[in-house]
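What follows is target.txt (compact mmCIF, C-alpha atoms).
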# COMPACT_ATOMS: atom_id res chain seq x y z
CA MET H 1 -6.95 -17.04 9.08
CA ILE H 2 -5.53 -15.04 6.19
CA THR H 3 -2.12 -13.38 5.86
CA GLU H 4 -3.11 -10.20 3.99
CA ILE H 5 -6.02 -7.79 4.20
CA PHE H 6 -7.10 -4.49 2.70
CA GLY H 7 -7.39 -1.31 4.69
CA LYS H 8 -7.75 2.44 4.35
CA LYS H 9 -5.15 4.90 5.61
CA VAL H 10 -6.96 7.32 7.92
CA GLY H 11 -3.98 9.55 8.72
CA MET H 12 -1.24 10.05 11.30
CA THR H 13 -1.29 11.00 14.97
CA GLN H 14 0.75 10.34 18.11
CA ILE H 15 0.17 8.40 21.30
CA PHE H 16 2.04 7.72 24.56
CA ASP H 17 3.27 4.19 25.26
CA GLU H 18 3.73 2.42 28.61
CA LYS H 19 7.02 4.27 29.21
CA SER H 20 5.33 7.64 28.56
CA ASP H 21 7.34 8.02 25.34
CA LEU H 22 5.67 9.87 22.47
CA VAL H 23 5.20 7.49 19.51
CA PRO H 24 4.15 8.68 16.02
CA VAL H 25 1.59 6.27 14.58
CA THR H 26 -0.46 5.75 11.44
CA LEU H 27 -4.14 4.88 11.77
CA ILE H 28 -5.41 2.24 9.35
CA LYS H 29 -9.05 1.21 9.11
CA VAL H 30 -8.92 -2.52 8.44
CA GLY H 31 -11.42 -4.11 6.06
CA PRO H 32 -13.92 -5.45 6.46
CA CYS H 33 -13.03 -7.99 3.78
CA VAL H 34 -15.32 -10.85 2.74
CA ALA H 35 -14.18 -14.35 1.78
CA LEU H 36 -15.45 -15.15 -1.73
CA GLU H 37 -13.99 -18.58 -2.43
CA GLU H 38 -11.21 -20.94 -1.42
CA LYS H 39 -8.94 -22.91 -3.76
CA ASP H 40 -5.53 -24.59 -4.11
CA VAL H 41 -2.90 -22.91 -6.29
CA ALA H 42 0.65 -24.30 -6.64
CA ASN H 43 0.37 -26.34 -3.42
CA LYS H 44 -0.86 -23.29 -1.51
CA LYS H 45 -4.18 -22.71 0.17
CA ILE H 46 -5.61 -19.54 -1.36
CA VAL H 47 -8.59 -17.44 -0.27
CA LYS H 48 -10.05 -14.83 -2.58
CA ILE H 49 -11.28 -11.80 -0.64
CA GLY H 50 -13.39 -8.82 -1.69
CA TYR H 51 -13.12 -5.26 -0.38
CA GLU H 52 -15.47 -2.24 -0.66
CA GLU H 53 -18.91 -3.41 -1.71
CA VAL H 54 -20.44 -1.68 -4.74
CA THR H 55 -24.22 -1.13 -4.77
CA LYS H 56 -24.78 1.15 -7.79
CA ASP H 57 -25.36 -0.76 -11.03
CA LYS H 58 -23.65 1.88 -13.18
CA GLN H 59 -20.41 1.30 -11.24
CA LYS H 60 -20.41 -2.44 -11.92
CA LYS H 61 -18.52 -4.02 -14.82
CA LYS H 62 -20.57 -6.70 -16.55
CA PRO H 63 -17.86 -9.41 -16.77
CA LEU H 64 -17.10 -9.08 -13.05
CA ALA H 65 -20.80 -8.84 -12.23
CA GLY H 66 -21.25 -12.25 -13.88
CA TYR H 67 -18.44 -13.67 -11.75
CA PHE H 68 -20.00 -12.39 -8.52
CA ASN H 69 -23.45 -13.65 -9.59
CA LYS H 70 -21.93 -17.08 -10.13
CA LEU H 71 -20.50 -17.00 -6.60
CA GLY H 72 -23.76 -15.67 -5.22
CA THR H 73 -22.09 -12.77 -3.42
CA SER H 74 -22.22 -8.99 -3.54
CA TYR H 75 -20.12 -7.02 -6.05
CA PHE H 76 -16.80 -5.79 -4.65
CA LYS H 77 -14.59 -3.03 -6.01
CA THR H 78 -11.32 -4.80 -5.21
CA VAL H 79 -10.58 -8.53 -5.25
CA LYS H 80 -7.35 -10.23 -4.19
CA GLU H 81 -6.06 -13.76 -3.68
CA VAL H 82 -4.28 -14.18 -0.33
CA VAL H 83 -2.52 -17.12 1.29
CA LYS H 84 -4.04 -18.84 4.30
CA ALA H 85 -2.03 -18.90 7.52
CA SER H 86 -3.55 -22.22 8.65
CA ALA H 87 -5.15 -25.30 7.15
CA ASP H 88 -8.57 -24.55 8.66
CA ALA H 89 -11.35 -24.13 6.13
CA VAL H 90 -12.69 -20.62 5.51
CA GLU H 91 -16.43 -20.34 4.97
CA LYS H 92 -17.67 -18.31 2.02
CA GLY H 93 -19.08 -15.01 3.25
CA SER H 94 -17.01 -14.89 6.43
CA THR H 95 -15.67 -11.45 7.32
CA PHE H 96 -12.15 -10.38 8.28
CA ASP H 97 -11.32 -7.14 10.10
CA ALA H 98 -8.96 -5.72 12.73
CA LYS H 99 -9.50 -8.73 15.01
CA ILE H 100 -6.99 -10.79 13.01
CA PHE H 101 -4.17 -8.58 14.40
CA GLU H 102 -2.64 -8.42 17.86
CA VAL H 103 -0.75 -5.75 19.80
CA ASN H 104 3.06 -5.88 19.31
CA GLU H 105 2.64 -7.87 16.09
CA LYS H 106 4.73 -6.63 13.15
CA VAL H 107 3.34 -6.13 9.67
CA ASP H 108 4.30 -4.83 6.22
CA VAL H 109 2.10 -2.09 4.75
CA ILE H 110 1.89 -1.73 0.97
CA GLY H 111 0.59 1.52 -0.50
CA THR H 112 0.92 3.92 -3.43
CA THR H 113 3.01 7.01 -2.83
CA VAL H 114 1.53 10.48 -3.31
CA GLY H 115 1.84 11.63 -6.94
CA ARG H 116 3.90 14.81 -7.44
CA GLY H 117 3.52 15.19 -11.19
CA PHE H 118 6.48 16.13 -13.41
CA GLN H 119 9.39 17.36 -11.29
CA GLY H 120 12.94 18.51 -11.94
CA GLY H 121 16.03 16.66 -10.84
CA MET H 122 16.64 18.74 -7.71
CA LYS H 123 13.30 17.83 -6.19
CA ARG H 124 13.03 14.33 -7.66
CA HIS H 125 16.59 13.12 -6.91
CA ASN H 126 17.82 15.67 -4.35
CA TRP H 127 20.50 17.14 -6.61
CA SER H 128 22.60 19.88 -5.02
CA GLY H 129 22.19 22.10 -8.10
CA GLN H 130 24.66 24.23 -9.99
CA PRO H 131 26.03 27.65 -8.91
CA ALA H 132 23.29 30.17 -8.10
CA ALA H 133 25.44 33.31 -8.43
CA HIS H 134 24.71 36.13 -10.90
CA GLY H 135 26.03 35.42 -14.35
CA HIS H 136 25.56 31.67 -14.09
CA MET H 137 22.76 30.42 -16.32
CA MET H 138 22.33 26.76 -15.30
CA HIS H 139 21.05 26.95 -11.67
CA ARG H 140 18.55 24.01 -11.52
CA ARG H 141 19.16 22.57 -14.98
CA PRO H 142 20.66 19.10 -15.46
CA GLY H 143 23.53 20.29 -17.63
CA SER H 144 25.41 17.90 -19.92
CA ILE H 145 24.06 14.34 -19.85
CA GLY H 146 26.34 12.77 -22.51
CA CYS H 147 29.25 10.39 -22.05
CA ARG H 148 32.08 11.60 -24.35
CA ALA H 149 32.43 10.29 -27.91
CA GLN H 150 32.62 6.73 -26.67
CA PRO H 151 30.05 5.25 -26.07
CA GLY H 152 28.30 8.48 -27.14
CA GLU H 153 25.01 7.78 -25.39
CA VAL H 154 23.16 8.50 -22.16
CA ILE H 155 23.95 5.76 -19.66
CA LYS H 156 20.93 3.73 -18.65
CA GLY H 157 19.55 4.60 -15.21
CA LYS H 158 20.84 8.17 -15.11
CA THR H 159 18.82 10.38 -12.78
CA MET H 160 16.72 12.80 -14.83
CA PRO H 161 13.66 15.03 -14.46
CA GLY H 162 10.38 13.15 -14.84
CA HIS H 163 7.24 11.88 -13.17
CA MET H 164 7.57 11.72 -9.39
CA GLY H 165 5.56 9.56 -7.00
CA ASN H 166 2.48 7.43 -7.68
CA VAL H 167 4.44 4.17 -7.34
CA ARG H 168 3.89 1.09 -5.18
CA ARG H 169 5.99 1.06 -2.02
CA THR H 170 6.24 -1.41 0.87
CA THR H 171 7.06 -0.19 4.38
CA LYS H 172 8.37 -3.15 6.37
CA ASN H 173 8.34 -4.19 10.02
CA LEU H 174 5.79 -1.73 11.36
CA LYS H 175 4.79 -2.57 14.92
CA ILE H 176 1.13 -2.57 15.93
CA VAL H 177 0.89 -0.61 19.17
CA LYS H 178 -2.90 -0.58 19.54
CA VAL H 179 -5.91 -2.44 18.15
CA ASP H 180 -9.33 -0.76 18.31
CA SER H 181 -11.75 -3.59 17.50
CA GLU H 182 -14.87 -1.45 17.97
CA ASN H 183 -13.88 1.07 15.28
CA ASN H 184 -11.90 -1.48 13.23
CA LEU H 185 -8.65 0.51 13.57
CA ILE H 186 -5.05 -0.48 14.09
CA TYR H 187 -2.26 1.88 15.14
CA VAL H 188 1.12 1.12 13.55
CA THR H 189 4.40 2.84 14.36
CA GLY H 190 5.84 5.33 11.89
CA SER H 191 4.50 6.18 8.46
CA CYS H 192 3.51 4.23 5.36
CA ALA H 193 3.07 5.12 1.71
CA GLY H 194 -0.21 6.67 0.59
CA CYS H 195 -2.35 9.75 1.04
CA LYS H 196 -5.32 10.02 3.38
CA ASN H 197 -8.19 7.64 2.56
CA SER H 198 -6.00 5.67 0.14
CA THR H 199 -6.28 1.87 0.01
CA VAL H 200 -3.38 -0.09 1.51
CA ILE H 201 -2.56 -3.76 1.99
CA ILE H 202 -1.55 -4.98 5.46
CA ARG H 203 0.56 -8.14 5.28
CA LYS H 204 1.61 -10.28 8.23
CA ILE H 205 5.39 -10.72 8.57
CA GLY H 206 6.66 -13.91 6.90
CA ALA H 207 3.75 -14.13 4.43
CA LYS H 208 4.55 -14.37 0.71
Using structure tokens, write down the structure that the file contains.
Amino acid sequence: MITEIFGKKVGMTQIFDEKSDLVPVTLIKVGPCVALEEKDVANKKIVKIGYEEVTKDKQKKKPLAGYFNKLGTSYFKTVKEVVKASADAVEKGSTFDAKIFEVNEKVDVIGTTVGRGFQGGMKRHNWSGQPAAHGHMMHRRPGSIGCRAQPGEVIKGKTMPGHMGNVRRTTKNLKIVKVDSENNLIYVTGSCAGCKNSTVIIRKIGAK
């Protein structure tokens, strides 16, 4: 068994639990991921998995194509080394999907936030803004950013306008409320980073 697996964020919806409470959930299509090889790294049992098979030759990179030919497997778009949860051997070519998860299990979901492009400080950092009355000319501008004559520089880490979003974020302790093995879907409580159809990593709690 592995501790991490790739998935695709389908979107959000809501379901009713056993107490008839409305629960917002995120649907994630898990895998399928294929085991490529198994090895030991720093006293850890590692399995290399592949996700999203590539069939068109023009989409394959020659160095990676040589690696997959050496393994004797199909070409995969994404490859990742994950830690094994048990000492049992994993056969090359075995497939992992939603069946590795159970209801009420908690997981961490790693995704890339939606990119917002270049944004000002009010949107990017939730500034309150300067006076908006007539005659005032600063409104949404940052204003003075200096620090007197001493030290006479902009302090490192100051909130400023800039690129917003498109960063890796981990949402922790999401509870799995439903597992749909037929359609390879899991329903996790709340939201996670990423837009629709974006690739995410689902990690079992306690895995490094």
- Message: Report, in Å with one decimal, the straight-line distance from CA of Gln119 in chain H to CA of His163 in chain H.
- Response: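 Taking CA of Gln119 in chain H and CA of His163 in chain H, their separation equals 6.2 Å.
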- Nearest residue to Ala85 in chain H from the set H:His139, H:Leu174, H:Ile100, H:Gly165 (distances using all atoms listed in the file):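 Looking only at the distances to Ala85 in chain H, the closest residue turns out to be H:Ile100.
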- What is the CA of Ala132 in chain H-CA of Pro161 in chain H distance in Å, reported with one decimal?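 About the pair CA of Ala132 in chain H and CA of Pro161 in chain H: they are 19.0 Å apart.
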- From the set H:Ile110, H:Val82, H:Cys195, H:Phe76, which residue has the shortest atom-to-atom contact distance to Lys61 in chain H, counting only C-alpha atoms?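 Selected residue with least distance to Lys61 in chain H: H:Phe76.
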- Query: By how many Å are CA of Lys45 in chain H and CA of Thr95 in chain H apart?
  - Reply: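 Separating CA of Lys45 in chain H from CA of Thr95 in chain H is a distance of 17.6 Å.
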- Of the candidates H:Gly93, H:Pro131, H:Gly121, H:Gly194, which one gets nearest to Met12 in chain H if we count only C-alpha atoms?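 Looking at the shortest contact to Met12 in chain H, the residue is H:Gly194.
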- Message: Counting only C-alpha atoms, which residue out of H:Val23, H:Ile155, H:Met164, H:Ile2 sits closest to Lys80 in chain H?
- Response: H:Ile2
- Of the listed residues H:Val83, H:Val90, H:Met138, H:Ile28, that which approaches Glu4 in chain H most closely, counting all atoms listed in the file: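 Closest to Glu4 in chain H of all the choices is H:Val83.
Every protein or nucleic acid residue with an atom no more than 8 Å from Ile186 in chain H, counting only C-alpha atoms and leaving out same-chain residues fewer than 4 positions away, appears here: Leu27, Ile28, Lys29, Val30, Ala98, Ile176, Val177, Lys178, Val179 and Asp180 of chain H.
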- Task: With a distance cut-off of 12 Å and all atoms listed in the file, select the neighbouring residues of Ile49 in chain H, excluding the residue or stretch itself and same-chain residues fewer than 6 positions from it, and output the selection as an MDAnalysis selection string.
- Result: chainID H and resid 1:6 31:39 68 73:84 90:97
Just write the chosen residues, C-alpha atoms, as a compact mmCIF listing (two decimals), in the coordinates of the input.
# COMPACT_ATOMS: atom_id res chain seq x y z
CA MET H 1 -6.95 -17.04 9.08
CA ILE H 2 -5.53 -15.04 6.19
CA THR H 3 -2.12 -13.38 5.86
CA GLU H 4 -3.11 -10.20 3.99
CA ILE H 5 -6.02 -7.79 4.20
CA PHE H 6 -7.10 -4.49 2.70
CA GLY H 31 -11.42 -4.11 6.06
CA PRO H 32 -13.92 -5.45 6.46
CA CYS H 33 -13.03 -7.99 3.78
CA VAL H 34 -15.32 -10.85 2.74
CA ALA H 35 -14.18 -14.35 1.78
CA LEU H 36 -15.45 -15.15 -1.73
CA GLU H 37 -13.99 -18.58 -2.43
CA GLU H 38 -11.21 -20.94 -1.42
CA LYS H 39 -8.94 -22.91 -3.76
CA PHE H 68 -20.00 -12.39 -8.52
CA THR H 73 -22.09 -12.77 -3.42
CA SER H 74 -22.22 -8.99 -3.54
CA TYR H 75 -20.12 -7.02 -6.05
CA PHE H 76 -16.80 -5.79 -4.65
CA LYS H 77 -14.59 -3.03 -6.01
CA THR H 78 -11.32 -4.80 -5.21
CA VAL H 79 -10.58 -8.53 -5.25
CA LYS H 80 -7.35 -10.23 -4.19
CA GLU H 81 -6.06 -13.76 -3.68
CA VAL H 82 -4.28 -14.18 -0.33
CA VAL H 83 -2.52 -17.12 1.29
CA LYS H 84 -4.04 -18.84 4.30
CA VAL H 90 -12.69 -20.62 5.51
CA GLU H 91 -16.43 -20.34 4.97
CA LYS H 92 -17.67 -18.31 2.02
CA GLY H 93 -19.08 -15.01 3.25
CA SER H 94 -17.01 -14.89 6.43
CA THR H 95 -15.67 -11.45 7.32
CA PHE H 96 -12.15 -10.38 8.28
CA ASP H 97 -11.32 -7.14 10.10
- Query: Contacts of range 142-149 of chain H at 12 Å or less, counting all atoms listed in the file, minus same-chain residues fewer than 2 places along, as a ChimeraX atom specification?
  - Reply: /H:120-131,137-140,151-162
Since the input lacks atoms, please generate N, CA and C atoms for range 124-148 of chain H and provide them as a PDB file, in the coordinates of the input.
ATOM      1  N   ARG H 124      13.272  15.764  -7.478  1.00  0.00           N
ATOM      2  CA  ARG H 124      13.030  14.330  -7.660  1.00  0.00           C
ATOM      3  C   ARG H 124      14.175  13.477  -7.119  1.00  0.00           C
ATOM      4  N   HIS H 125      15.433  13.927  -7.294  1.00  0.00           N
ATOM      5  CA  HIS H 125      16.590  13.120  -6.910  1.00  0.00           C
ATOM      6  C   HIS H 125      17.495  13.811  -5.893  1.00  0.00           C
ATOM      7  N   ASN H 126      17.066  14.961  -5.379  1.00  0.00           N
ATOM      8  CA  ASN H 126      17.820  15.670  -4.350  1.00  0.00           C
ATOM      9  C   ASN H 126      19.194  16.127  -4.846  1.00  0.00           C
ATOM     10  N   TRP H 127      19.255  16.573  -6.102  1.00  0.00           N
ATOM     11  CA  TRP H 127      20.500  17.140  -6.610  1.00  0.00           C
ATOM     12  C   TRP H 127      20.868  18.384  -5.782  1.00  0.00           C
ATOM     13  N   SER H 128      22.157  18.676  -5.710  1.00  0.00           N
ATOM     14  CA  SER H 128      22.600  19.880  -5.020  1.00  0.00           C
ATOM     15  C   SER H 128      22.444  21.126  -5.879  1.00  0.00           C
ATOM     16  N   GLY H 129      22.355  20.960  -7.208  1.00  0.00           N
ATOM     17  CA  GLY H 129      22.190  22.100  -8.100  1.00  0.00           C
ATOM     18  C   GLY H 129      23.520  22.706  -8.512  1.00  0.00           C
ATOM     19  N   GLN H 130      23.456  23.565  -9.507  1.00  0.00           N
ATOM     20  CA  GLN H 130      24.660  24.230  -9.990  1.00  0.00           C
ATOM     21  C   GLN H 130      24.754  25.627  -9.365  1.00  0.00           C
ATOM     22  N   PRO H 131      25.861  26.349  -9.569  1.00  0.00           N
ATOM     23  CA  PRO H 131      26.030  27.650  -8.910  1.00  0.00           C
ATOM     24  C   PRO H 131      24.845  28.585  -9.117  1.00  0.00           C
ATOM     25  N   ALA H 132      24.449  29.289  -8.051  1.00  0.00           N
ATOM     26  CA  ALA H 132      23.290  30.170  -8.100  1.00  0.00           C
ATOM     27  C   ALA H 132      23.676  31.640  -8.191  1.00  0.00           C
ATOM     28  N   ALA H 133      24.977  31.923  -8.396  1.00  0.00           N
ATOM     29  CA  ALA H 133      25.440  33.310  -8.430  1.00  0.00           C
ATOM     30  C   ALA H 133      25.003  34.010  -9.715  1.00  0.00           C
ATOM     31  N   HIS H 134      25.038  35.351  -9.701  1.00  0.00           N
ATOM     32  CA  HIS H 134      24.710  36.130 -10.900  1.00  0.00           C
ATOM     33  C   HIS H 134      25.704  35.807 -12.008  1.00  0.00           C
ATOM     34  N   GLY H 135      25.174  35.725 -13.209  1.00  0.00           N
ATOM     35  CA  GLY H 135      26.030  35.420 -14.350  1.00  0.00           C
ATOM     36  C   GLY H 135      26.002  33.951 -14.726  1.00  0.00           C
ATOM     37  N   HIS H 136      25.676  33.090 -13.774  1.00  0.00           N
ATOM     38  CA  HIS H 136      25.560  31.670 -14.090  1.00  0.00           C
ATOM     39  C   HIS H 136      24.165  31.377 -14.606  1.00  0.00           C
ATOM     40  N   MET H 137      24.058  30.592 -15.659  1.00  0.00           N
ATOM     41  CA  MET H 137      22.760  30.420 -16.320  1.00  0.00           C
ATOM     42  C   MET H 137      22.180  29.017 -16.168  1.00  0.00           C
ATOM     43  N   MET H 138      22.811  28.150 -15.365  1.00  0.00           N
ATOM     44  CA  MET H 138      22.330  26.760 -15.300  1.00  0.00           C
ATOM     45  C   MET H 138      21.458  26.510 -14.065  1.00  0.00           C
ATOM     46  N   HIS H 139      21.846  27.031 -12.895  1.00  0.00           N
ATOM     47  CA  HIS H 139      21.050  26.950 -11.670  1.00  0.00           C
ATOM     48  C   HIS H 139      20.483  25.545 -11.413  1.00  0.00           C
ATOM     49  N   ARG H 140      19.231  25.283 -11.821  1.00  0.00           N
ATOM     50  CA  ARG H 140      18.550  24.010 -11.520  1.00  0.00           C
ATOM     51  C   ARG H 140      18.518  23.062 -12.718  1.00  0.00           C
ATOM     52  N   ARG H 141      19.194  23.408 -13.778  1.00  0.00           N
ATOM     53  CA  ARG H 141      19.160  22.570 -14.980  1.00  0.00           C
ATOM     54  C   ARG H 141      20.080  21.341 -14.818  1.00  0.00           C
ATOM     55  N   PRO H 142      19.826  20.298 -15.580  1.00  0.00           N
ATOM     56  CA  PRO H 142      20.660  19.100 -15.460  1.00  0.00           C
ATOM     57  C   PRO H 142      22.051  19.250 -16.050  1.00  0.00           C
ATOM     58  N   GLY H 143      22.224  20.150 -17.007  1.00  0.00           N
ATOM     59  CA  GLY H 143      23.530  20.290 -17.630  1.00  0.00           C
ATOM     60  C   GLY H 143      23.789  19.184 -18.640  1.00  0.00           C
ATOM     61  N   SER H 144      25.060  18.919 -18.934  1.00  0.00           N
ATOM     62  CA  SER H 144      25.410  17.900 -19.920  1.00  0.00           C
ATOM     63  C   SER H 144      25.044  16.513 -19.397  1.00  0.00           C
ATOM     64  N   ILE H 145      24.454  15.701 -20.254  1.00  0.00           N
ATOM     65  CA  ILE H 145      24.060  14.340 -19.850  1.00  0.00           C
ATOM     66  C   ILE H 145      24.765  13.288 -20.693  1.00  0.00           C
ATOM     67  N   GLY H 146      25.668  13.721 -21.623  1.00  0.00           N
ATOM     68  CA  GLY H 146      26.340  12.770 -22.510  1.00  0.00           C
ATOM     69  C   GLY H 146      27.467  12.026 -21.823  1.00  0.00           C
ATOM     70  N   CYS H 147      28.187  11.226 -22.600  1.00  0.00           N
ATOM     71  CA  CYS H 147      29.250  10.390 -22.050  1.00  0.00           C
ATOM     72  C   CYS H 147      30.415  10.323 -23.049  1.00  0.00           C
ATOM     73  N   ARG H 148      30.967  11.499 -23.416  1.00  0.00           N
ATOM     74  CA  ARG H 148      32.080  11.600 -24.350  1.00  0.00           C
ATOM     75  C   ARG H 148      31.707  10.978 -25.706  1.00  0.00           C
TER      76      ARG H 148
END
